[in-house]
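Asker: Let me begin by handing over the structure; questions about it come next.
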Amino acid sequence: MKRHLRLGVNIDHVATIRNARGGVHPDPVRAARMAAAAGADGITAHLREDRRHISDNDIERLTAELEIPLNFEMAATEEMLAIALRHRPHAACLVPERREERTTEGGLDAAGGHNHLMEYVTKLSEVGSRVSLFVEADPVQLEAAVALGAPVVELHTGAYCEAFIEDPESDRTKDCLQRIRDAAAFAEKLGLECHAGHGLTFDTVGSIAVIPSVAELNIGHFLVGEAIFGGLDSSIRRMRALMDKARAEAGGARSA
Ligand code: PXP
């Protein structure tokens with residue numbers, strides 16, 4: 001399938017650095033503008049319950065000033081729902097923040113939390129936000145996403161990326177990657193749009209970007225970390241180039 005692989009740049013950790021001192025520097029909205037200029041298709045920001053990085057004011061400003069789509073990451077809480085319904089972001093990604101909301105590996109327990117999550121998927125969809133669920137590469141979670149009426153899943157790549165750092169050639173690394181490939185294929189079969197993210201780096205992005213049914217990658221921490229050494233523009237451009245190269249090798253060069 002020929003499909004442009006979108007890059008969502010997560011700017012949370014620009015805010016983490018700002019908040020280490022308080023004040024206004026570095027400004028996540030400036031980072032978002034720079035990301036757009038460097039080839040990001042969208043901006044991702046997670047307003048956490050404890051506001052440890054992104055603030056309410058950041059979300060206000062991103063909504064008002066961004067010219068590319070905002071993917072609003074949120075826990076399934078009444079407070080976050082009210083904020084999302086007010087801002088009507090292009091996309092809303094439901095993520096776990098508390099232990100009881102997660103599966104053992106860290107994705108949202110869409111299957112176990114079915115009754116609780118339904119209201120969120122429905123209300124966000126009603127205001128026009130494209131809802132995604134951040135889940136493990138597990139068929140049970142994908143089926144739950146369908147049952148909930150979510151059009152998109154984001155596959156958690158954290159376990160794969162951790163295994164890769166430990167040993168790129170280990171059986172565990174290979175198993176994790178195969179689970180993501182299988183889940184992406186299953187998501188497509190179920191009619192779900194498939195995104196992926198968490199922990200991706202220059203070394204791991206290619207093996208995920210090459211999976212043809214993956215439509216979007218969301219990447220943050222590594223890009224902000226690399227920006228310390230080479231600048232944000234350069235880290236995003238390099239990531240974008242690696243994604244495009246992998247996708248082109250898979251026979252799905254950028255078509256949009
Ligand atoms: N996708 C989701 C749903 C996330 O919550 C995050 C941030 O934890 C990311 C992607 C980006 O992960 P990272 O910052 O490790 O690149």
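Ligands are numbered from 1 in the order shown, chains are lettered A, B, ... in the order of the structure tokens, and residues start at 1 in each chain.
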Please build the interface table for chain A against ligand 1 with a cut-off of 9 Å, listing for each qualifying residue the nearest atom pair and the distance in Å to one decimal; count only C-alpha atoms and all ligand atoms, order rows by chain and increasing number, and write it as CSV.
Answerer:
residue,atom,partner,partner_atom_place_in_ligand_line,distance
A:Gly8,CA,ligand 1,10 (C),8.5
A:Val9,CA,ligand 1,11 (C),8.0
A:Asn10,CA,ligand 1,11 (C),6.0
A:Ile11,CA,ligand 1,14 (O),8.2
A:Asp12,CA,ligand 1,14 (O),7.6
A:His13,CA,ligand 1,14 (O),7.6
A:Thr44,CA,ligand 1,10 (C),8.0
A:Ala45,CA,ligand 1,7 (C),8.4
A:His46,CA,ligand 1,5 (O),7.0
A:Glu73,CA,ligand 1,3 (C),6.7
A:Met74,CA,ligand 1,5 (O),8.6
A:Cys93,CA,ligand 1,3 (C),6.5
A:Leu94,CA,ligand 1,3 (C),7.5
A:Val95,CA,ligand 1,3 (C),6.0
A:Pro96,CA,ligand 1,5 (O),8.3
A:Gly107,CA,ligand 1,3 (C),8.5
A:Ser132,CA,ligand 1,3 (C),8.8
A:Leu133,CA,ligand 1,3 (C),7.9
A:Phe134,CA,ligand 1,3 (C),5.2
A:Val135,CA,ligand 1,3 (C),8.3
A:Glu154,CA,ligand 1,3 (C),6.5
A:Leu155,CA,ligand 1,3 (C),8.1
A:His156,CA,ligand 1,1 (N),7.1
A:Thr157,CA,ligand 1,10 (C),8.4
A:Gly158,CA,ligand 1,15 (O),7.3
A:His195,CA,ligand 1,1 (N),8.5
A:Ala196,CA,ligand 1,1 (N),6.7
A:Gly197,CA,ligand 1,10 (C),4.1
A:His198,CA,ligand 1,12 (O),3.3
A:Gly199,CA,ligand 1,15 (O),3.5
A:Leu200,CA,ligand 1,16 (O),5.4
A:Thr201,CA,ligand 1,16 (O),7.6
A:Leu217,CA,ligand 1,10 (C),7.5
A:Asn218,CA,ligand 1,10 (C),4.5
A:Ile219,CA,ligand 1,16 (O),3.6
A:Gly220,CA,ligand 1,14 (O),3.7
A:His221,CA,ligand 1,14 (O),3.7
A:Phe222,CA,ligand 1,16 (O),5.8
A:Leu223,CA,ligand 1,16 (O),7.4
A:Val224,CA,ligand 1,14 (O),8.5
Asker: Would you save the residues from that selection as a compact mmCIF listing (two decimals), in the first residue's frame, using N, CA, C and O atoms?
Answerer:
# COMPACT_ATOMS: atom_id res chain seq x y z
N GLY A 8 4.42 12.69 13.77
CA GLY A 8 3.90 13.58 14.82
C GLY A 8 5.04 13.83 15.80
O GLY A 8 5.60 12.88 16.35
N VAL A 9 5.40 15.08 15.97
CA VAL A 9 6.48 15.39 16.91
C VAL A 9 5.87 15.74 18.27
O VAL A 9 5.03 16.64 18.38
N ASN A 10 6.28 14.98 19.26
CA ASN A 10 5.81 15.19 20.63
C ASN A 10 6.73 16.19 21.33
O ASN A 10 7.94 15.97 21.44
N ILE A 11 6.14 17.30 21.77
CA ILE A 11 6.95 18.40 22.32
C ILE A 11 6.91 18.45 23.85
O ILE A 11 7.38 19.42 24.45
N ASP A 12 6.41 17.40 24.48
CA ASP A 12 6.27 17.39 25.94
C ASP A 12 7.57 17.76 26.65
O ASP A 12 7.57 18.49 27.64
N HIS A 13 8.68 17.22 26.14
CA HIS A 13 9.91 17.38 26.93
C HIS A 13 10.62 18.71 26.69
O HIS A 13 11.56 19.03 27.41
N THR A 44 2.17 16.52 18.77
CA THR A 44 1.54 15.78 19.85
C THR A 44 1.92 16.41 21.18
O THR A 44 3.10 16.77 21.39
N ALA A 45 0.93 16.55 22.05
CA ALA A 45 1.20 17.09 23.39
C ALA A 45 0.31 16.38 24.38
O ALA A 45 -0.87 16.18 24.12
N HIS A 46 0.89 16.02 25.50
CA HIS A 46 0.17 15.26 26.54
C HIS A 46 -0.01 16.17 27.75
O HIS A 46 0.95 16.53 28.42
N GLU A 73 -2.89 14.26 23.63
CA GLU A 73 -2.83 13.01 24.43
C GLU A 73 -3.44 13.27 25.78
O GLU A 73 -3.11 14.27 26.44
N MET A 74 -4.27 12.34 26.21
CA MET A 74 -5.01 12.57 27.46
C MET A 74 -5.35 11.27 28.16
O MET A 74 -5.55 10.23 27.52
N CYS A 93 -5.67 11.22 21.66
CA CYS A 93 -5.11 9.89 21.90
C CYS A 93 -5.29 9.57 23.39
O CYS A 93 -4.75 10.27 24.25
N LEU A 94 -6.05 8.53 23.67
CA LEU A 94 -6.28 8.13 25.06
C LEU A 94 -5.12 7.26 25.54
O LEU A 94 -4.81 6.24 24.92
N VAL A 95 -4.48 7.71 26.60
CA VAL A 95 -3.31 7.01 27.13
C VAL A 95 -3.53 6.71 28.62
O VAL A 95 -4.27 7.43 29.29
N PRO A 96 -2.85 5.67 29.13
CA PRO A 96 -2.98 5.40 30.56
C PRO A 96 -2.07 6.32 31.37
O PRO A 96 -0.97 6.63 30.93
N GLY A 107 0.53 -0.35 27.76
CA GLY A 107 -0.51 0.26 26.92
C GLY A 107 -1.82 0.38 27.69
O GLY A 107 -1.99 -0.20 28.77
N SER A 132 -7.72 7.99 19.03
CA SER A 132 -6.86 6.80 18.98
C SER A 132 -6.65 6.28 20.39
O SER A 132 -6.74 7.02 21.37
N LEU A 133 -6.40 4.99 20.46
CA LEU A 133 -6.12 4.34 21.75
C LEU A 133 -4.68 3.84 21.71
O LEU A 133 -4.28 3.15 20.76
N PHE A 134 -3.93 4.20 22.74
CA PHE A 134 -2.51 3.81 22.81
C PHE A 134 -2.45 2.43 23.47
O PHE A 134 -2.62 2.31 24.69
N VAL A 135 -2.24 1.41 22.67
CA VAL A 135 -2.34 0.03 23.17
C VAL A 135 -1.10 -0.80 22.84
O VAL A 135 -0.33 -0.46 21.94
N GLU A 154 -2.79 3.38 18.42
CA GLU A 154 -1.35 3.65 18.37
C GLU A 154 -0.66 2.51 19.09
O GLU A 154 -0.92 2.26 20.27
N LEU A 155 0.18 1.80 18.38
CA LEU A 155 0.87 0.65 18.97
C LEU A 155 2.05 1.13 19.80
O LEU A 155 2.86 1.95 19.33
N HIS A 156 2.17 0.59 20.99
CA HIS A 156 3.23 0.95 21.94
C HIS A 156 4.52 0.27 21.50
O HIS A 156 4.61 -0.96 21.48
N THR A 157 5.52 1.08 21.15
CA THR A 157 6.79 0.50 20.69
C THR A 157 7.84 0.47 21.80
O THR A 157 9.00 0.14 21.55
N GLY A 158 7.43 0.80 23.02
CA GLY A 158 8.40 0.91 24.12
C GLY A 158 9.16 -0.38 24.41
O GLY A 158 10.38 -0.36 24.58
N HIS A 195 -1.15 3.67 14.16
CA HIS A 195 -0.02 4.56 14.46
C HIS A 195 0.93 3.79 15.38
O HIS A 195 0.58 2.70 15.87
N ALA A 196 2.10 4.34 15.61
CA ALA A 196 3.04 3.68 16.53
C ALA A 196 3.91 4.73 17.19
O ALA A 196 4.14 5.80 16.63
N GLY A 197 4.40 4.40 18.37
CA GLY A 197 5.31 5.32 19.02
C GLY A 197 5.66 4.90 20.42
O GLY A 197 5.05 4.00 21.00
N HIS A 198 6.62 5.56 20.95
CA HIS A 198 7.21 5.49 22.29
C HIS A 198 8.62 4.90 22.21
O HIS A 198 8.80 3.75 21.82
N GLY A 199 9.57 5.74 22.58
CA GLY A 199 10.96 5.30 22.68
C GLY A 199 11.70 5.20 21.35
O GLY A 199 12.85 4.73 21.33
N LEU A 200 11.09 5.63 20.26
CA LEU A 200 11.76 5.46 18.95
C LEU A 200 12.97 6.38 18.84
O LEU A 200 12.97 7.51 19.34
N THR A 201 13.99 5.85 18.17
CA THR A 201 15.26 6.57 17.98
C THR A 201 15.67 6.45 16.52
O THR A 201 15.00 5.77 15.73
N LEU A 217 3.86 7.95 12.96
CA LEU A 217 4.72 7.70 14.11
C LEU A 217 4.72 8.94 14.98
O LEU A 217 4.82 10.07 14.47
N ASN A 218 4.64 8.74 16.29
CA ASN A 218 4.73 9.85 17.23
C ASN A 218 6.01 9.71 18.04
O ASN A 218 6.22 8.70 18.71
N ILE A 219 6.84 10.75 17.93
CA ILE A 219 8.19 10.66 18.50
C ILE A 219 8.51 11.96 19.23
O ILE A 219 8.27 13.05 18.70
N GLY A 220 9.06 11.82 20.45
CA GLY A 220 9.34 13.03 21.21
C GLY A 220 10.66 13.04 21.95
O GLY A 220 11.58 13.78 21.61
N HIS A 221 10.77 12.18 22.95
CA HIS A 221 11.88 12.28 23.91
C HIS A 221 13.24 12.25 23.21
O HIS A 221 14.11 13.08 23.49
N PHE A 222 13.40 11.32 22.30
CA PHE A 222 14.70 11.20 21.63
C PHE A 222 15.02 12.45 20.81
O PHE A 222 16.17 12.93 20.79
N LEU A 223 14.01 12.99 20.13
CA LEU A 223 14.23 14.17 19.29
C LEU A 223 14.67 15.37 20.13
O LEU A 223 15.56 16.12 19.74
N VAL A 224 14.04 15.53 21.28
CA VAL A 224 14.39 16.65 22.14
C VAL A 224 15.78 16.42 22.73
O VAL A 224 16.60 17.35 22.84
Asker: Can you pull out every residue from stretch 28-164 of chain A that DSSP, working from the backbone, puts in helix (DSSP H, G or I), and format the result as number ranges by chain?
Answerer: A: 28-37, 56-65, 78-87, 99-101, 114-126, 139-148, 158-164
Asker: Considering only C-alpha atoms, return as a short mmCIF file (atom, residue, chain, number, x, y, z; two decimals) with N, CA, C and O atoms, in the first residue's frame whatever protein or nucleic-acid residues lie within 7 Å of stretch 238-242 of chain A, sequence-local ones (same chain, fewer than 5 positions apart) excluded.
Answerer:
data_model
loop_
_atom_site.label_atom_id
_atom_site.label_comp_id
_atom_site.auth_asym_id
_atom_site.auth_seq_id
_atom_site.Cartn_x
_atom_site.Cartn_y
_atom_site.Cartn_z
N GLY A 39 9.39 19.34 8.87
CA GLY A 39 8.78 18.17 8.23
C GLY A 39 7.81 17.39 9.08
O GLY A 39 7.36 16.31 8.68
N PHE A 202 16.79 7.07 16.16
CA PHE A 202 17.30 6.91 14.80
C PHE A 202 17.54 5.44 14.48
O PHE A 202 17.42 5.02 13.34
N GLY A 206 13.49 2.92 11.59
CA GLY A 206 13.39 2.30 10.26
C GLY A 206 12.57 1.02 10.27
O GLY A 206 11.74 0.80 9.38
#
Asker: Under the rule that only C-alpha atoms are counted, which of A:Gln141, A:Asn19, A:Ser213, A:Gln178 is the nearest residue to A:Cys194?
Answerer: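 Among A:Gln141, A:Asn19, A:Ser213, A:Gln178, it is A:Ser213 that comes nearest to A:Cys194.
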Asker: For A:Arg61, find every residue with an atom within 10 Å (counting only C-alpha atoms), except residues of its own chain fewer than 5 positions away, and show them as a PyMOL selection string.
Answerer: chain A and resi 28-29+55-56+66
Asker: Which of stretch 143-226 of chain A counts as strand (DSSP E or B) under DSSP, as a list in words please?
Answerer: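 Output for stretch 143-226 of chain A, strand (DSSP E or B) only: Val152, Val153, Glu154, Leu155, His156, Glu193, Cys194, His195, Ala196, Gly197, Val214, Ala215, Glu216, Leu217, Asn218 and Ile219 of chain A.
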Asker: What is the distance between atom CA of A:Thr77 and atom CA of A:Gly149, in Å to one decimal?
Answerer: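 Taking atom CA of A:Thr77 and atom CA of A:Gly149, their separation equals 18.3 Å.
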